[in-house]
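One file, input.cif, carrying mmCIF, C-alpha atoms:
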data_my_file
loop_
_atom_site.label_atom_id
_atom_site.label_comp_id
_atom_site.auth_asym_id
_atom_site.auth_seq_id
_atom_site.Cartn_x
_atom_site.Cartn_y
_atom_site.Cartn_z
CA MET A 11 28.74 -10.70 -7.53
CA LEU A 12 27.72 -7.94 -5.13
CA SER A 13 30.37 -5.68 -3.65
CA LYS A 14 30.73 -2.46 -1.68
CA GLU A 15 31.14 -0.56 -4.93
CA SER A 16 28.02 -2.05 -6.50
CA PHE A 17 25.87 -0.72 -3.64
CA ILE A 18 27.47 2.73 -3.74
CA ASP A 19 27.15 2.92 -7.55
CA GLY A 20 23.52 2.01 -7.07
CA MET A 21 20.96 -0.73 -7.61
CA THR A 22 17.22 -1.26 -7.52
CA VAL A 23 15.94 -4.26 -5.59
CA LEU A 24 12.44 -5.78 -5.63
CA LEU A 25 11.38 -7.11 -2.25
CA ASP A 26 8.28 -8.84 -0.91
CA LYS A 27 7.36 -6.89 2.22
CA PRO A 28 6.09 -9.15 5.00
CA ILE A 29 2.97 -8.37 7.00
CA GLY A 30 3.55 -6.38 10.16
CA TRP A 31 6.55 -4.48 8.83
CA THR A 32 6.45 -0.81 7.89
CA SER A 33 8.11 0.15 4.62
CA PHE A 34 10.72 2.01 6.66
CA ASP A 35 11.39 -1.16 8.66
CA VAL A 36 12.50 -2.79 5.40
CA VAL A 37 14.66 0.20 4.43
CA LYS A 38 16.28 0.23 7.86
CA LYS A 39 16.93 -3.52 7.76
CA ILE A 40 18.55 -3.37 4.31
CA ARG A 41 20.63 -0.31 5.15
CA GLY A 42 21.86 -1.90 8.36
CA ALA A 43 22.79 -5.16 6.62
CA ILE A 44 24.80 -3.37 3.91
CA LYS A 45 26.61 -1.13 6.38
CA GLY A 46 27.41 -4.08 8.63
CA LYS A 47 28.66 -6.34 5.84
CA TYR A 48 30.90 -3.82 4.06
CA GLY A 49 31.76 -1.41 6.84
CA ILE A 50 30.12 1.49 5.05
CA LYS A 51 29.41 4.42 7.38
CA LYS A 52 26.72 5.92 5.17
CA ILE A 53 24.67 4.51 2.32
CA LYS A 54 21.47 5.88 0.82
CA VAL A 55 18.51 3.48 0.84
CA GLY A 56 14.89 4.39 0.10
CA HIS A 57 11.61 2.88 -1.04
CA ALA A 58 9.38 3.89 -3.94
CA GLY A 59 5.91 3.93 -2.40
CA THR A 60 4.70 3.15 1.11
CA LEU A 61 2.89 -0.05 1.96
CA ASP A 62 0.84 -0.15 5.17
CA PRO A 63 2.10 -2.51 7.90
CA LEU A 64 -0.86 -4.85 7.31
CA ALA A 65 -0.17 -4.98 3.56
CA THR A 66 2.31 -7.30 1.85
CA GLY A 67 3.91 -7.44 -1.56
CA LEU A 68 6.13 -5.49 -3.88
CA LEU A 69 8.37 -2.86 -2.36
CA VAL A 70 10.81 -1.23 -4.77
CA ILE A 71 14.02 -0.47 -2.87
CA CYS A 72 16.60 1.93 -4.33
CA ILE A 73 20.17 1.88 -3.04
CA GLY A 74 23.08 4.29 -3.55
CA LYS A 75 22.87 6.45 -6.65
CA HIS A 76 19.65 4.68 -7.68
CA THR A 77 17.80 6.65 -5.00
CA LYS A 78 17.61 9.35 -7.70
CA LYS A 79 15.15 7.06 -9.49
CA ILE A 80 12.69 6.82 -6.60
CA GLN A 81 10.27 9.46 -7.86
CA SER A 82 10.06 7.85 -11.30
CA TYR A 83 9.03 4.57 -9.66
CA ILE A 84 6.54 6.33 -7.39
CA ASP A 85 4.89 7.94 -10.43
CA GLU A 86 4.12 4.56 -12.03
CA LYS A 87 0.79 2.74 -11.99
CA LYS A 88 0.31 0.23 -9.17
CA THR A 89 -1.60 -3.05 -9.17
CA TYR A 90 -2.98 -4.63 -6.01
CA SER A 91 -4.96 -7.70 -5.05
CA GLY A 92 -6.87 -8.03 -1.83
CA VAL A 93 -10.02 -8.81 0.09
CA PHE A 94 -12.55 -6.57 1.79
CA LEU A 95 -15.39 -7.43 4.14
CA LEU A 96 -18.79 -6.00 3.39
CA GLY A 97 -21.10 -5.03 6.25
CA LYS A 98 -18.59 -3.73 8.79
CA THR A 99 -16.40 -0.65 9.20
CA THR A 100 -13.44 0.48 11.27
CA PRO A 101 -12.07 4.01 11.84
CA SER A 102 -8.90 3.12 9.91
CA PHE A 103 -10.81 1.40 7.05
CA ASP A 104 -8.73 -1.75 7.73
CA LEU A 105 -7.97 -4.13 10.63
CA GLU A 106 -5.57 -1.75 12.38
CA THR A 107 -8.54 -0.62 14.49
CA GLU A 108 -11.58 -2.43 15.89
CA PHE A 109 -14.92 -2.71 14.11
CA ASN A 110 -17.14 0.21 15.08
CA LYS A 111 -20.24 -0.24 12.91
CA VAL A 112 -22.19 -3.22 11.56
CA PHE A 113 -24.58 -3.08 8.58
CA SER A 114 -27.12 -5.52 7.19
CA ILE A 115 -25.97 -7.10 3.92
CA GLU A 116 -29.36 -8.63 3.20
CA GLY A 117 -30.46 -7.83 -0.33
CA VAL A 118 -27.03 -6.97 -1.68
CA ASN A 119 -26.63 -8.65 -5.07
CA MET A 120 -23.95 -9.17 -7.71
CA GLU A 121 -25.52 -6.69 -10.11
CA GLN A 122 -25.16 -3.88 -7.56
CA LEU A 123 -21.58 -4.84 -6.75
CA ALA A 124 -20.53 -5.09 -10.39
CA LEU A 125 -22.09 -1.71 -11.24
CA ILE A 126 -20.38 0.03 -8.33
CA SER A 127 -16.98 -1.43 -9.20
CA LYS A 128 -17.37 -0.17 -12.78
CA ASN A 129 -18.31 3.29 -11.50
CA PHE A 130 -14.91 3.58 -9.84
CA ILE A 131 -13.10 3.47 -13.18
CA GLY A 132 -11.65 6.84 -14.19
CA LYS A 133 -10.34 10.01 -12.59
CA GLN A 134 -11.73 11.09 -9.25
CA SER A 135 -11.08 13.04 -6.07
CA GLN A 136 -10.23 10.85 -3.08
CA THR A 137 -10.11 11.58 0.64
CA PRO A 138 -7.15 9.77 2.25
CA PRO A 139 -7.86 7.83 5.46
CA ILE A 140 -6.97 9.70 8.64
CA PHE A 141 -4.99 6.63 9.73
CA SER A 142 -2.35 7.08 7.04
CA ALA A 143 1.29 8.13 6.64
CA LYS A 144 0.19 11.28 4.82
CA LYS A 145 1.72 14.37 6.39
CA VAL A 146 -0.57 16.97 7.96
CA ASN A 147 1.19 20.12 9.17
CA GLY A 148 4.47 18.25 9.31
CA ARG A 149 3.12 15.27 11.26
CA ARG A 150 1.91 11.86 10.12
CA ALA A 151 -1.88 11.71 9.97
CA TYR A 152 -1.98 8.44 11.91
CA GLU A 153 -0.11 10.05 14.82
CA LEU A 154 -2.89 12.62 15.18
CA ALA A 155 -5.66 10.07 14.63
CA ARG A 156 -4.33 7.70 17.30
CA LYS A 157 -4.38 10.57 19.79
CA GLY A 158 -7.95 11.41 18.89
CA GLU A 159 -6.96 14.76 17.40
CA GLU A 160 -8.65 16.32 14.39
CA VAL A 161 -7.00 15.30 11.12
CA PRO A 162 -7.69 17.83 8.30
CA VAL A 163 -6.62 15.70 5.34
CA LYS A 164 -6.92 17.16 1.84
CA ASN A 165 -8.46 15.39 -1.14
CA ALA A 166 -6.18 14.16 -3.91
CA GLU A 167 -6.81 13.50 -7.59
CA ILE A 168 -6.35 9.83 -8.50
CA GLU A 169 -7.27 7.51 -11.36
CA ILE A 170 -8.52 3.92 -11.37
CA TYR A 171 -7.66 2.03 -14.57
CA ASP A 172 -9.11 -1.38 -13.73
CA PHE A 173 -11.17 -2.79 -10.85
CA GLU A 174 -12.32 -6.42 -10.82
CA ILE A 175 -14.22 -8.14 -8.00
CA ASN A 176 -15.14 -11.72 -7.08
CA ILE A 177 -17.92 -12.56 -4.60
CA ASP A 178 -17.43 -16.34 -4.31
CA SER A 179 -16.70 -15.90 -0.58
CA PHE A 180 -19.34 -13.20 0.09
CA PRO A 181 -19.48 -11.14 2.32
CA GLU A 182 -15.70 -11.25 1.78
CA ILE A 183 -15.04 -9.79 -1.67
CA SER A 184 -11.78 -10.47 -3.48
CA PHE A 185 -10.53 -7.80 -5.85
CA SER A 186 -7.79 -6.72 -8.23
CA ILE A 187 -7.19 -3.04 -8.91
CA THR A 188 -4.80 -0.98 -11.03
CA CYS A 189 -4.51 2.66 -10.04
CA SER A 190 -2.43 5.81 -10.17
CA LYS A 191 0.13 6.86 -7.60
CA GLY A 192 -1.25 8.19 -4.32
CA THR A 193 -4.33 5.98 -4.34
CA TYR A 194 -5.40 4.67 -0.96
CA ILE A 195 -7.02 1.27 -1.43
CA ARG A 196 -8.53 1.52 2.04
CA SER A 197 -10.41 4.62 0.91
CA ILE A 198 -11.60 2.84 -2.24
CA VAL A 199 -12.98 0.06 -0.03
CA SER A 200 -14.64 2.52 2.34
CA ASP A 201 -16.19 4.44 -0.57
CA PHE A 202 -17.38 1.14 -2.07
CA GLY A 203 -19.32 0.42 1.10
CA LYS A 204 -20.78 3.93 1.18
CA ALA A 205 -21.90 3.58 -2.44
CA LEU A 206 -24.01 0.64 -1.30
CA ASN A 207 -25.37 2.61 1.66
CA ASN A 208 -23.46 0.04 3.67
CA GLY A 209 -19.95 -0.36 5.03
CA ALA A 210 -16.77 -2.17 4.07
CA THR A 211 -13.37 -2.88 5.62
CA LEU A 212 -10.12 -3.86 3.92
CA ILE A 213 -8.91 -7.14 5.45
CA LYS A 214 -6.11 -8.13 3.06
CA LEU A 215 -3.91 -6.21 0.62
CA ARG A 216 -0.97 -7.20 -1.55
CA ARG A 217 0.90 -5.06 -4.09
CA GLU A 218 1.40 -7.13 -7.22
CA ALA A 219 3.12 -4.66 -9.51
CA SER A 220 4.55 -1.17 -9.86
CA GLY A 221 4.99 -0.18 -13.47
CA LYS A 222 7.03 -2.96 -15.09
CA GLN A 223 8.22 -4.27 -11.71
CA ASN A 224 6.36 -7.41 -10.60
CA ILE A 225 6.09 -9.30 -7.33
CA LEU A 226 7.04 -12.49 -9.22
CA ASP A 227 10.56 -11.09 -9.52
CA ALA A 228 10.84 -10.07 -5.87
CA LYS A 229 12.92 -11.64 -3.11
CA THR A 230 12.09 -11.85 0.57
CA VAL A 231 14.02 -9.53 2.85
CA GLU A 232 15.92 -12.54 4.22
CA GLU A 233 16.81 -13.80 0.75
CA PHE A 234 18.26 -10.47 -0.26
CA ILE A 235 20.24 -10.00 2.94
CA SER A 236 21.73 -13.48 2.61
CA SER A 237 22.87 -12.59 -0.93
CA ILE A 238 24.86 -9.52 0.01
#
As structure tokens:
Amino acid sequence: MLSKESFIDGMTVLLDKPIGWTSFDVVKKIRGAIKGKYGIKKIKVGHAGTLDPLATGLLVICIGKHTKKIQSYIDEKKTYSGVFLLGKTTPSFDLETEFNKVFSIEGVNMEQLALISKNFIGKQSQTPPIFSAKKVNGRRAYELARKGEEVPVKNAEIEIYDFEINIDSFPEISFSITCSKGTYIRSIVSDFGKALNNGATLIKLRREASGKQNILDAKTVEEFISSI
């Protein structure tokens, strides 16, 4: 049974982040619920890896002394499922912003798509999207991008371990990907479109796993709060 002491001593909770919430929204909600229930003035709560507001799925939440474990969770491989739309782009690489370019998808075939997906396997240098939570000179990149300011983001070294696609609903392409920490799936999607001399936009993303932690073992935010 949960108690004030169990939260202070520390625990790791697997939650299913709903669409429209930021990762910090979840942290804030959990922290507020614990403080309100047990009258705790201060309790550490953090998450192990940001999910974009439009993404859903596994968010590893560390509470109390378990916040010391956050970096170890962040360093683990991540697995995502999702859908991207071929033939259109947005400045944010997802549906946060409006479509700004349209490309012809005539002539695109499965052989091309399969080859490109295989070419993504391995280590590579990736440019993060300017609409991201990555810090640039102490500010979030998306804050600068939304104001139309220049966003000098730096490339990062990442690794893709597995990348599978399904074109049954073409031009919407379903995918599953396993990657290293720091990988921006939106950038993978954008680069996929560029590799076809075309364009692509991420329209759905769900984190399925982080290391040994799996979405199948996660609770909704409401379920967890009701259990405390």
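The environment of Thr22 of chain A within 8 Å, counting all atoms listed in the file and disregarding residues fewer than 6 places along the same chain, consists of Val70, Ile71, Cys72, Ile73 and His76 of chain A.
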Using all atoms listed in the file, the shortest atom-to-atom distance to Lys164 of chain A among A:Thr99, A:Pro28, A:Glu233, A:Thr137 belongs to A:Thr137
| request: Compile the contact shell of Phe103 of chain A as JSON, numbers by chain: residues with an atom at most 10 Å away, counting only C-alpha atoms, same-chain residues fewer than 5 positions apart removed. | output: {"A": [94, 98, 108, 109, 139, 140, 141, 195, 196, 197, 198, 199, 200, 201, 209, 210, 211, 212, 213]}
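Using all atoms listed in the file, the smallest distance between any of A:Gly20, A:Lys54, A:Val37, A:Gly67 and Asp227 of chain A comes from A:Gly67.
Of the residues under consideration (A:Tyr83, A:Gly30, A:Ser13, A:Asn224), A:Ser13 shows the shortest atom-to-atom contact distance to Ile50 of chain A when counting all atoms listed in the file.
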Can you list, as a PyMOL selection string, the residues that the PyMOL selection byres ((chain A and resi 217) around 7) selects here? chain A and resi 66-68+89-91+215-216+218-219
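In this structure, atom CA of Ile53 of chain A sits 9.4 Å away from atom CA of Lys75 of chain A.
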Quick one: which residues end up in the PyMOL selection byres ((chain A and resi 26) around 6) for this structure, as a PDB file with C-alpha atoms, in the frame of the given file?
ATOM      1  CA  LEU A  25      11.380  -7.110  -2.250  1.00  0.00           C
ATOM      2  CA  LYS A  27       7.360  -6.890   2.220  1.00  0.00           C
ATOM      3  CA  GLY A  67       3.910  -7.440  -1.560  1.00  0.00           C
ATOM      4  CA  LEU A  68       6.130  -5.490  -3.880  1.00  0.00           C
ATOM      5  CA  ALA A 228      10.840 -10.070  -5.870  1.00  0.00           C
ATOM      6  CA  LYS A 229      12.920 -11.640  -3.110  1.00  0.00           C
ATOM      7  CA  THR A 230      12.090 -11.850   0.570  1.00  0.00           C
TER       8      THR A 230
END
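Residues in contact range of Lys133 of chain A, defined as at most 8 Å between all atoms listed in the file, with sequence neighbours fewer than 2 positions away removed, read Ile131, Ser135, Glu167, Ile168, Glu169 and Ile170 of chain A.
Minimum atom-to-atom distance to Tyr171 of chain A, evaluated using only C-alpha atoms, belongs to A:Phe130 out of A:Trp31, A:Phe130, A:Phe17, A:Tyr194.
Note on the selection: in this file the PyMOL selection byres ((chain A and resi 115) around 8) comes out as Leu96, Gly97, Phe113, Ser114, Glu116, Gly117, Val118, Pro181 and Asn208 of chain A.
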